[in-house]
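Working notes for the structure below.
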Amino acid sequence: MLWLQLALKEISNNFKFSLFFVLNLGIGLIGFIALDSFKSSIDEHLENNSKSILTADIQISSRFPLTEQEHLLTESLLDTDILSTSDQVSFLSMIAGKENSRMSTLIGIDENYPQYGEIILQEAGPVSLSDARQALVNSETIWVARDLMVILDLEIGQLLRIGNGEFTIADVILEDPSNTISVMSNFPAIYLGLEQIESTGLIQLGSRITYSRFYKLPSNYEYDYMALEDEFRDIEQKVYRDTRRLSLTTHQEESEDLGEVLGYMNDYLGLIALIALFLAGVGAAYLFRAFFTSRFKDMAILMCLGGTPKQAYQMTLLQIVILGTFSAVLASAIAFLGLPLLPLLLDGFLPRGFTNGMEINSLVLAFFMGTFGSIICCLPILSKIYDLNPIGLFHENVQPASSASHWQRHAASYAPILLTFWCLAMWQASSIFIGTLFVAGFLAAIFILGAVAWLILYGCSVLSLDNQVTRKIALRNLSRNRLGAVSCFLAIGLGALLINLIPQIQKGLQGYIEQPSDYSVPDFFMFDIQPEQLKDLQTVIGERGYTLSFLSPMIRARLESVNSEEIDDPDETPDEQLMRRRMFNLTYQDTLKDSETIVEGKTWDGPWEFGSDELPGISIEENFAERMGLEVGDTMSFDVQSVPIEGRIVNTREVIWNSFQPNFFVSFQPGVLDPAPKTFVAAIANVSEEDRISVQNSIVNTLPNISVINVQQIVARILDITNQISWAIRVMAYLSIFAGLVVLFSIARYEVKSRFWEINLLKILGANFSDVRHIVEIEFGILGLFAAISGVSLSLVMSYSISYFIFDGLWSFSSGITLFTILAICGLSVLTALIATLSVLRQKPLELLRTT
Amino acid sequence: MNKAFINILLSFLLTLAASQGLAQEELTILFLGDSLTEGYGLDEEESFPSLVKEMLAADGINIRVLNAGISGSTSASALSRLQWYIRSQPDLMVLSLGANDGLRGLSIDEMKANLAETIEFAQANGVQAAITGMMVPPNMGPEYTDAFARVFPDLATEYDIPLMPFLLQDVAAVPELNQADGIHPNAEGTRIVATNMVSFLKTILSSG
């Protein structure tokens, strides 16, 4: 208790300084809480988006009615509270209107559907919580998709025959959460009550029905969906000796096209969290150390008065812990009030339904940094206290003497910091690999920056022989106070590294995720176009002012051998066997599409000539080549509908995933497959809203075998999510720059504050404002500029490595941001120092002597 | 009728066929179909056309098989594909298309017209045609299901060609005989399809 009183008294005696310390550390922690909370909010927002596509966390489905035993199995597998379940039965059926009929998806739902997302109806609006859903499941009514209403010329209130039953159309579906890319969902939906679907009489022996149960799980339930899938297959194998009876779908898988992007986003956010942590760590460590160093004099006095080094340490540490806690409380309070206001400030820029709240995790970490962080950050100094000699009181700067025997102890005192940050890094990134990689990179950066700092400061001492007084004083200041200058250089350099790291990664990621502006996004996909129908198809859509795009021939073939060896590997898993034995859809094309880029090899010049000695060229999609172990130069033999065709791989190509164009794993040089039986796939782009149904109907009526799929809604949904991800990546990059600059601002301010005594001395000795300003400008200019250049250079290396290991090498140099970071950091250091100097110069020397 | 007698009869017929210039030394059968013919999800040797060849060979009847099965194909592609295979001079075409038309809810009239012109083209080019019946699952609705199933016997009668009433006889809707998707026969199911097909072919051959 006595210690606490003493510590509090000491704090109140140095009230101005303590307040300054609390404010500076508080600013750093606010940056951390904001960045970390925002990261979590975005993470949650995207996750909810993906859950709303599946309408649940997890779905179990089967071709057979799900049994009680299967439900128990699933529940034991999930091993968590199940918030709710929703059962569904769905199948395809032909539905007849007044004059024509159309294949539709019948979906029988219960009152819990959908558990995430909402169905939007024309009359009842969103039905996530509405009575309309209750009415549907309890009566002989149905909801019909808008497209089907138009095609079959139906009206609300009308009776529609489905199988043996008759149902009243209660409402029209405008938006359906489950409308994703799958064959089922490409047929317009009709929703009806689960109980009523039996009365259609369409569920009988031989019917193709899908029975599903959707599970809603607690929001904090975390699982690795790949591992869950494996576990599920194991259990299924044991029960049925077969792994195909049940199918498990997680919400992550449902948005499969987004899977890779969501994966990148997840890693990116993990990285942001790490940056936030390290930024706060650098700021806090710097302030704690500086505070401790400034207290050496008090400690020496305490020891002079009979205190032990331990007591001196306890006394100062207690003060730091108290101040650290104050800072954390202050930062939490400001974040608590400020963060929910952020969406209001950014209204219009935020995605629909985005809410930003404070994360408990971020708060806990902020408190941890403020309290425990202070202890571990000061351990290296604690080790120095034992070397503290009260004789130092007679020196200008009280510094512990260093001896070789103490270096070991000193080095060991860094171990807890390293260990703590390593653990925190793995926790924040939710990955041992990323956490370790980051800490290793960070350590390397510290050593390199330290070495650069020593070199620069050594250079300063050489240059300080200059005759110009202010320059001489500035350079001498730097070289004389080398330890302090190095730690300041390190803090700014690491800050620069952390600030520039994210924008560098962001540019590469964004380039990958964003839809190139010159792409035309298809509205309709068509397949099963027969060669002789091409002309008619072009005429039909040409009459409405549209043209066919992405027209590609599709030829079915079976892969016979690779490099003249039959494909038969006894070690292959059943999945690999299926992949290899599966029939391929080949195509042939003159040139690459604009969504394709050659990764390795070269493209062909013109068509293959019949009778040529050379084998025809084959182009392979790069991921497919990797999966199949294929390389440029390999030969592949296909059985193309009873005709053997051999070709040589001449290139591997990358396909932009979100081009929404028909893409093929294997593409042949023209001149080989041209006469083979084939069908065509094609798309129509930029179809206006009012033309959509008429274009679709005209194709179906003229060429009924051609399947026309309206992908506009699906594409729009995917683009919407990718745009949100892209937005989040950009905002987080800006936020991390801002948070980094805030931390650097607090470091620079503190650094100047620690120079008060020197500045005051200069003033007393008769230096005028412009001299002092010049000295500060040179000192902080050198520190800021070189630290920023070194930090930014390291960030380029580190961001490239991170991109290589985590983001499949998606990296591109962002010169604008790099230059901005260097100038901003340098300017901020100088400006902050000058403002702080100005406040020192305004005070009377005597006052300054008192406070120093 | 015992097995030995059938073999003698078939050998006689084949010799007769060769002398009439319908085939070279062995009979060439073209199976024009979809994934059921292709052997979706199975090895090539497990597809029913390959099994038919093997089973007939075991009975001493050697045939050449052209497996013209393409997954997902509809009746619309039948004619152009037959035009490609006609170069291989098949003696008999077993037409097993239509299932995908049904599963996609395509026009039944259109499907019938496509199959009809394919049969006409085969007959005009000296290829004997046979057709296998198809069915769609009952969930498609009674009107569509009935109309669909009627197409195949109607065509058989119209063009006076042999009809195998249902390609997936004894296999459809039996979970143990089908793959996970519930529509494609597994290896065991395909063996039953092949056995039925062999009986059907023997009937055709025996009827001259």
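Chain labels follow the order of the structure tokens: the first chain is A, the next B, and so on; residue numbering restarts at 1 in every chain, and ligands are counted from 1 in their shown order.
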Contacts from chain A to chain B, 8 Å maximum, only C-alpha atoms: show me the residue list as a short mmCIF file (atom, residue, chain, number, x, y, z; two decimals) with N, CA, C and O atoms, in the first residue's frame.
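Everything below was put into iface-v1.cif:
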```
data_model
loop_
_atom_site.label_atom_id
_atom_site.label_comp_id
_atom_site.auth_asym_id
_atom_site.auth_seq_id
_atom_site.Cartn_x
_atom_site.Cartn_y
_atom_site.Cartn_z
N ARG A 63 -29.74 -37.42 -50.62
CA ARG A 63 -30.78 -37.80 -51.59
C ARG A 63 -31.90 -38.58 -50.90
O ARG A 63 -32.91 -38.89 -51.52
N PHE A 91 -36.61 -30.02 -55.03
CA PHE A 91 -36.46 -30.80 -56.26
C PHE A 91 -36.90 -29.98 -57.46
O PHE A 91 -37.52 -28.92 -57.30
N LEU A 92 -36.55 -30.47 -58.63
CA LEU A 92 -36.94 -29.79 -59.86
C LEU A 92 -38.26 -30.36 -60.36
O LEU A 92 -38.53 -31.55 -60.18
N SER A 93 -39.05 -29.51 -60.99
CA SER A 93 -40.28 -30.02 -61.56
C SER A 93 -40.73 -29.10 -62.70
O SER A 93 -40.39 -27.92 -62.73
N MET A 94 -41.49 -29.68 -63.64
CA MET A 94 -42.01 -28.87 -64.73
C MET A 94 -43.30 -28.22 -64.26
O MET A 94 -44.21 -28.89 -63.78
N ILE A 95 -43.38 -26.92 -64.39
CA ILE A 95 -44.57 -26.20 -63.95
C ILE A 95 -45.24 -25.59 -65.18
O ILE A 95 -44.58 -24.92 -65.99
N ARG A 102 -42.40 -24.50 -67.67
CA ARG A 102 -40.99 -24.19 -67.42
C ARG A 102 -40.49 -25.00 -66.23
O ARG A 102 -41.23 -25.20 -65.26
N MET A 103 -39.26 -25.47 -66.35
CA MET A 103 -38.65 -26.19 -65.23
C MET A 103 -38.42 -25.22 -64.07
O MET A 103 -37.92 -24.11 -64.27
N ILE A 162 -49.32 -27.82 -59.00
CA ILE A 162 -47.99 -28.44 -58.85
C ILE A 162 -48.23 -29.90 -58.53
O ILE A 162 -48.75 -30.24 -57.47
N GLY A 163 -47.88 -30.79 -59.48
CA GLY A 163 -48.15 -32.22 -59.29
C GLY A 163 -49.64 -32.44 -59.13
O GLY A 163 -50.44 -32.00 -59.97
N LEU A 202 -45.35 -35.48 -55.78
CA LEU A 202 -44.18 -35.62 -56.66
C LEU A 202 -43.03 -36.38 -55.99
O LEU A 202 -42.07 -36.76 -56.64
N ILE A 203 -43.15 -36.57 -54.67
CA ILE A 203 -42.10 -37.32 -53.97
C ILE A 203 -42.52 -38.79 -53.95
O ILE A 203 -43.41 -39.17 -53.21
N GLN A 204 -41.90 -39.55 -54.82
CA GLN A 204 -42.21 -40.98 -54.88
C GLN A 204 -40.97 -41.75 -55.32
O GLN A 204 -39.93 -41.13 -55.55
N LEU A 205 -41.10 -43.05 -55.44
CA LEU A 205 -39.93 -43.87 -55.78
C LEU A 205 -39.33 -43.39 -57.11
O LEU A 205 -40.04 -43.23 -58.09
N GLY A 206 -38.05 -43.15 -57.08
CA GLY A 206 -37.37 -42.71 -58.30
C GLY A 206 -37.25 -41.20 -58.41
O GLY A 206 -36.53 -40.69 -59.26
N SER A 207 -37.96 -40.46 -57.55
CA SER A 207 -37.86 -38.99 -57.62
C SER A 207 -36.48 -38.55 -57.14
O SER A 207 -35.90 -39.16 -56.25
N ARG A 208 -36.00 -37.50 -57.76
CA ARG A 208 -34.69 -36.94 -57.35
C ARG A 208 -34.93 -35.78 -56.40
O ARG A 208 -35.26 -34.68 -56.82
N ILE A 209 -34.79 -36.08 -55.12
CA ILE A 209 -35.13 -35.10 -54.09
C ILE A 209 -33.87 -34.79 -53.27
O ILE A 209 -33.05 -35.68 -53.05
N ARG A 244 -20.61 -41.13 -49.65
CA ARG A 244 -21.35 -40.34 -50.62
C ARG A 244 -22.81 -40.16 -50.28
O ARG A 244 -23.56 -39.59 -51.02
N ARG A 245 -23.21 -40.72 -49.14
CA ARG A 245 -24.63 -40.65 -48.83
C ARG A 245 -25.02 -39.24 -48.39
O ARG A 245 -26.06 -38.72 -48.78
N ASP A 528 -24.82 -25.82 -74.73
CA ASP A 528 -25.47 -26.78 -75.63
C ASP A 528 -25.91 -26.12 -76.94
O ASP A 528 -26.93 -26.49 -77.52
N GLN A 530 -25.66 -25.91 -80.68
CA GLN A 530 -25.17 -26.78 -81.74
C GLN A 530 -24.55 -25.92 -82.84
O GLN A 530 -25.02 -24.80 -83.08
N ARG A 556 -15.82 -32.88 -76.16
CA ARG A 556 -15.66 -33.85 -75.09
C ARG A 556 -14.58 -34.86 -75.47
O ARG A 556 -14.57 -35.35 -76.60
N LEU A 578 -10.68 -39.96 -59.88
CA LEU A 578 -11.85 -39.42 -60.54
C LEU A 578 -11.44 -38.25 -61.43
O LEU A 578 -11.89 -38.09 -62.55
N ARG A 581 -9.54 -39.69 -64.48
CA ARG A 581 -10.30 -40.49 -65.44
C ARG A 581 -11.45 -39.70 -66.03
O ARG A 581 -12.06 -40.11 -66.99
N ARG A 582 -11.70 -38.56 -65.43
CA ARG A 582 -12.86 -37.82 -65.85
C ARG A 582 -12.69 -37.33 -67.28
O ARG A 582 -11.60 -37.10 -67.75
N MET A 583 -13.78 -37.21 -67.93
CA MET A 583 -13.75 -36.73 -69.30
C MET A 583 -13.48 -35.23 -69.28
O MET A 583 -13.87 -34.54 -68.34
N GLN A 641 -13.73 -38.73 -78.99
CA GLN A 641 -14.84 -39.47 -79.58
C GLN A 641 -14.37 -40.49 -80.64
O GLN A 641 -14.68 -40.40 -81.82
N SER A 642 -13.56 -41.41 -80.12
CA SER A 642 -13.02 -42.55 -80.88
C SER A 642 -11.85 -42.21 -81.80
O SER A 642 -11.36 -43.07 -82.51
N ALA A 676 -14.25 -32.15 -85.19
CA ALA A 676 -14.87 -33.05 -84.20
C ALA A 676 -16.25 -32.56 -83.79
O ALA A 676 -16.52 -31.36 -83.83
N PRO A 677 -17.15 -33.49 -83.40
CA PRO A 677 -18.47 -33.05 -82.93
C PRO A 677 -18.31 -32.15 -81.73
O PRO A 677 -17.52 -32.44 -80.82
N THR A 679 -20.15 -28.71 -79.23
CA THR A 679 -21.20 -27.72 -78.97
C THR A 679 -20.47 -26.42 -78.65
O THR A 679 -19.26 -26.42 -78.50
N PRO A 704 -35.01 -24.22 -78.50
CA PRO A 704 -35.34 -24.67 -77.14
C PRO A 704 -34.28 -25.51 -76.44
O PRO A 704 -34.27 -25.58 -75.21
N ASN A 705 -33.38 -26.15 -77.21
CA ASN A 705 -32.40 -27.00 -76.51
C ASN A 705 -31.31 -26.16 -75.84
O ASN A 705 -30.60 -26.64 -74.96
#
```
Could you name the residues that touch region 171-173 of chain A at 10 Å or less, counting only C-alpha atoms, but leaving out those on the same chain fewer than 5 positions away, as a PyMOL selection string? chain A and resi 119-126+132+136+141-149+155-157+188-191
Print the selection's residues with C-alpha atoms to a file, as an mmCIF file, in the first residue's frame.
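What landed in again14.cif:
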```
data_model
loop_
_atom_site.group_PDB
_atom_site.id
_atom_site.type_symbol
_atom_site.label_atom_id
_atom_site.label_comp_id
_atom_site.auth_asym_id
_atom_site.auth_seq_id
_atom_site.Cartn_x
_atom_site.Cartn_y
_atom_site.Cartn_z
ATOM 1 C CA ILE A 119 -36.043 -13.348 -48.815
ATOM 2 C CA ILE A 120 -37.487 -10.139 -50.220
ATOM 3 C CA LEU A 121 -41.064 -10.408 -51.447
ATOM 4 C CA GLN A 122 -42.963 -7.977 -53.636
ATOM 5 C CA GLU A 123 -45.887 -7.538 -51.222
ATOM 6 C CA ALA A 124 -44.567 -8.539 -47.801
ATOM 7 C CA GLY A 125 -41.045 -7.104 -48.210
ATOM 8 C CA PRO A 126 -38.194 -8.760 -46.291
ATOM 9 C CA ALA A 132 -45.636 -14.006 -44.158
ATOM 10 C CA LEU A 136 -46.632 -19.794 -46.040
ATOM 11 C CA THR A 141 -49.889 -20.995 -50.612
ATOM 12 C CA ILE A 142 -46.659 -20.449 -52.520
ATOM 13 C CA TRP A 143 -44.138 -17.720 -53.332
ATOM 14 C CA VAL A 144 -43.005 -17.661 -56.941
ATOM 15 C CA ALA A 145 -39.827 -16.157 -58.414
ATOM 16 C CA ARG A 146 -40.439 -13.042 -60.484
ATOM 17 C CA ASP A 147 -38.953 -14.565 -63.669
ATOM 18 C CA LEU A 148 -41.351 -17.491 -63.521
ATOM 19 C CA MET A 149 -44.321 -15.176 -62.946
ATOM 20 C CA GLU A 155 -50.635 -13.322 -61.166
ATOM 21 C CA ILE A 156 -50.754 -13.042 -57.397
ATOM 22 C CA GLY A 157 -53.857 -14.787 -56.019
ATOM 23 C CA PRO A 188 -36.650 -20.152 -60.935
ATOM 24 C CA ALA A 189 -37.761 -20.995 -57.405
ATOM 25 C CA ILE A 190 -41.149 -21.722 -55.924
ATOM 26 C CA TYR A 191 -41.282 -21.746 -52.131
#
```
Suppose you want the space between CA of Trp604 (chain A) and CA of Thr591 (chain A); what is it in Å? 8.2 Å
Using DSSP on the backbone, list every residue of region 223-319 of chain A that comes out as helix (DSSP H, G or I), and give them as JSON, numbers by chain. {"A": [225, 226, 227, 228, 229, 230, 231, 232, 233, 234, 235, 236, 237, 238, 239, 240, 251, 252, 253, 254, 256, 257, 258, 259, 260, 261, 262, 263, 264, 265, 266, 267, 268, 269, 270, 271, 272, 273, 274, 275, 276, 277, 278, 279, 280, 281, 282, 283, 284, 285, 286, 287, 288, 289, 290, 291, 292, 293, 294, 296, 297, 298, 299, 300, 301, 302, 303, 304, 309, 310, 311, 312, 313, 314, 315, 316, 317, 318, 319]}
What is the CA of Ser37 (chain A) to CA of Lys51 (chain A) distance in Å? 20.7 Å
Close residues, Lys602 (chain A) itself excluded, 12 Å, only C-alpha atoms, min 3 positions apart in chain, as an NGL selection string: :A and (591-592 or 597-599 or 605 or 617-620 or 632-633 or 649-653 or 669)
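The protein and nucleic acid residues lying at most 8 Å from Leu51 (chain B) are Glu45, Glu46, Arg191 and Ala194 of chain B, with only C-alpha atoms considered and sequence neighbours fewer than 5 positions away removed.
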Just-selected residues, N, CA and C atoms written as a CSV table (one decimal), in the first residue's frame:
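Result file again00.csv:
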```csv
chain,number,residue,atom,x,y,z
B,45,GLU,N,-13.2,-49.0,-69.3
B,45,GLU,CA,-13.6,-50.4,-69.4
B,45,GLU,C,-14.8,-50.8,-68.6
B,46,GLU,N,-15.2,-49.9,-67.7
B,46,GLU,CA,-16.4,-50.2,-66.9
B,46,GLU,C,-17.7,-49.7,-67.6
B,191,ARG,N,-23.0,-53.0,-65.0
B,191,ARG,CA,-22.9,-54.4,-65.5
B,191,ARG,C,-24.4,-55.0,-65.8
B,194,ALA,N,-25.4,-53.5,-69.0
B,194,ALA,CA,-24.7,-54.2,-70.1
B,194,ALA,C,-25.3,-55.6,-70.4
```
Shortest contact to Thr37 (chain B), candidates B:Thr157, B:Thr203, B:Gln89, B:Thr132, atoms counted only C-alpha atoms, goes to B:Thr132
Between B:Leu168, B:Val198, B:Leu177, B:Ala156, single out the one closest to Pro49 (chain B), counting only C-alpha atoms.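 Comparing B:Leu168, B:Val198, B:Leu177, B:Ala156 against Pro49 (chain B), the winner is B:Val198.
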Nearest to Leu72 (chain A) among A:Ile235, A:Ile725, A:Cys826, A:Met628, with distances taken over only C-alpha atoms: which residue is it?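 The closest residue to Leu72 (chain A) is A:Ile235.
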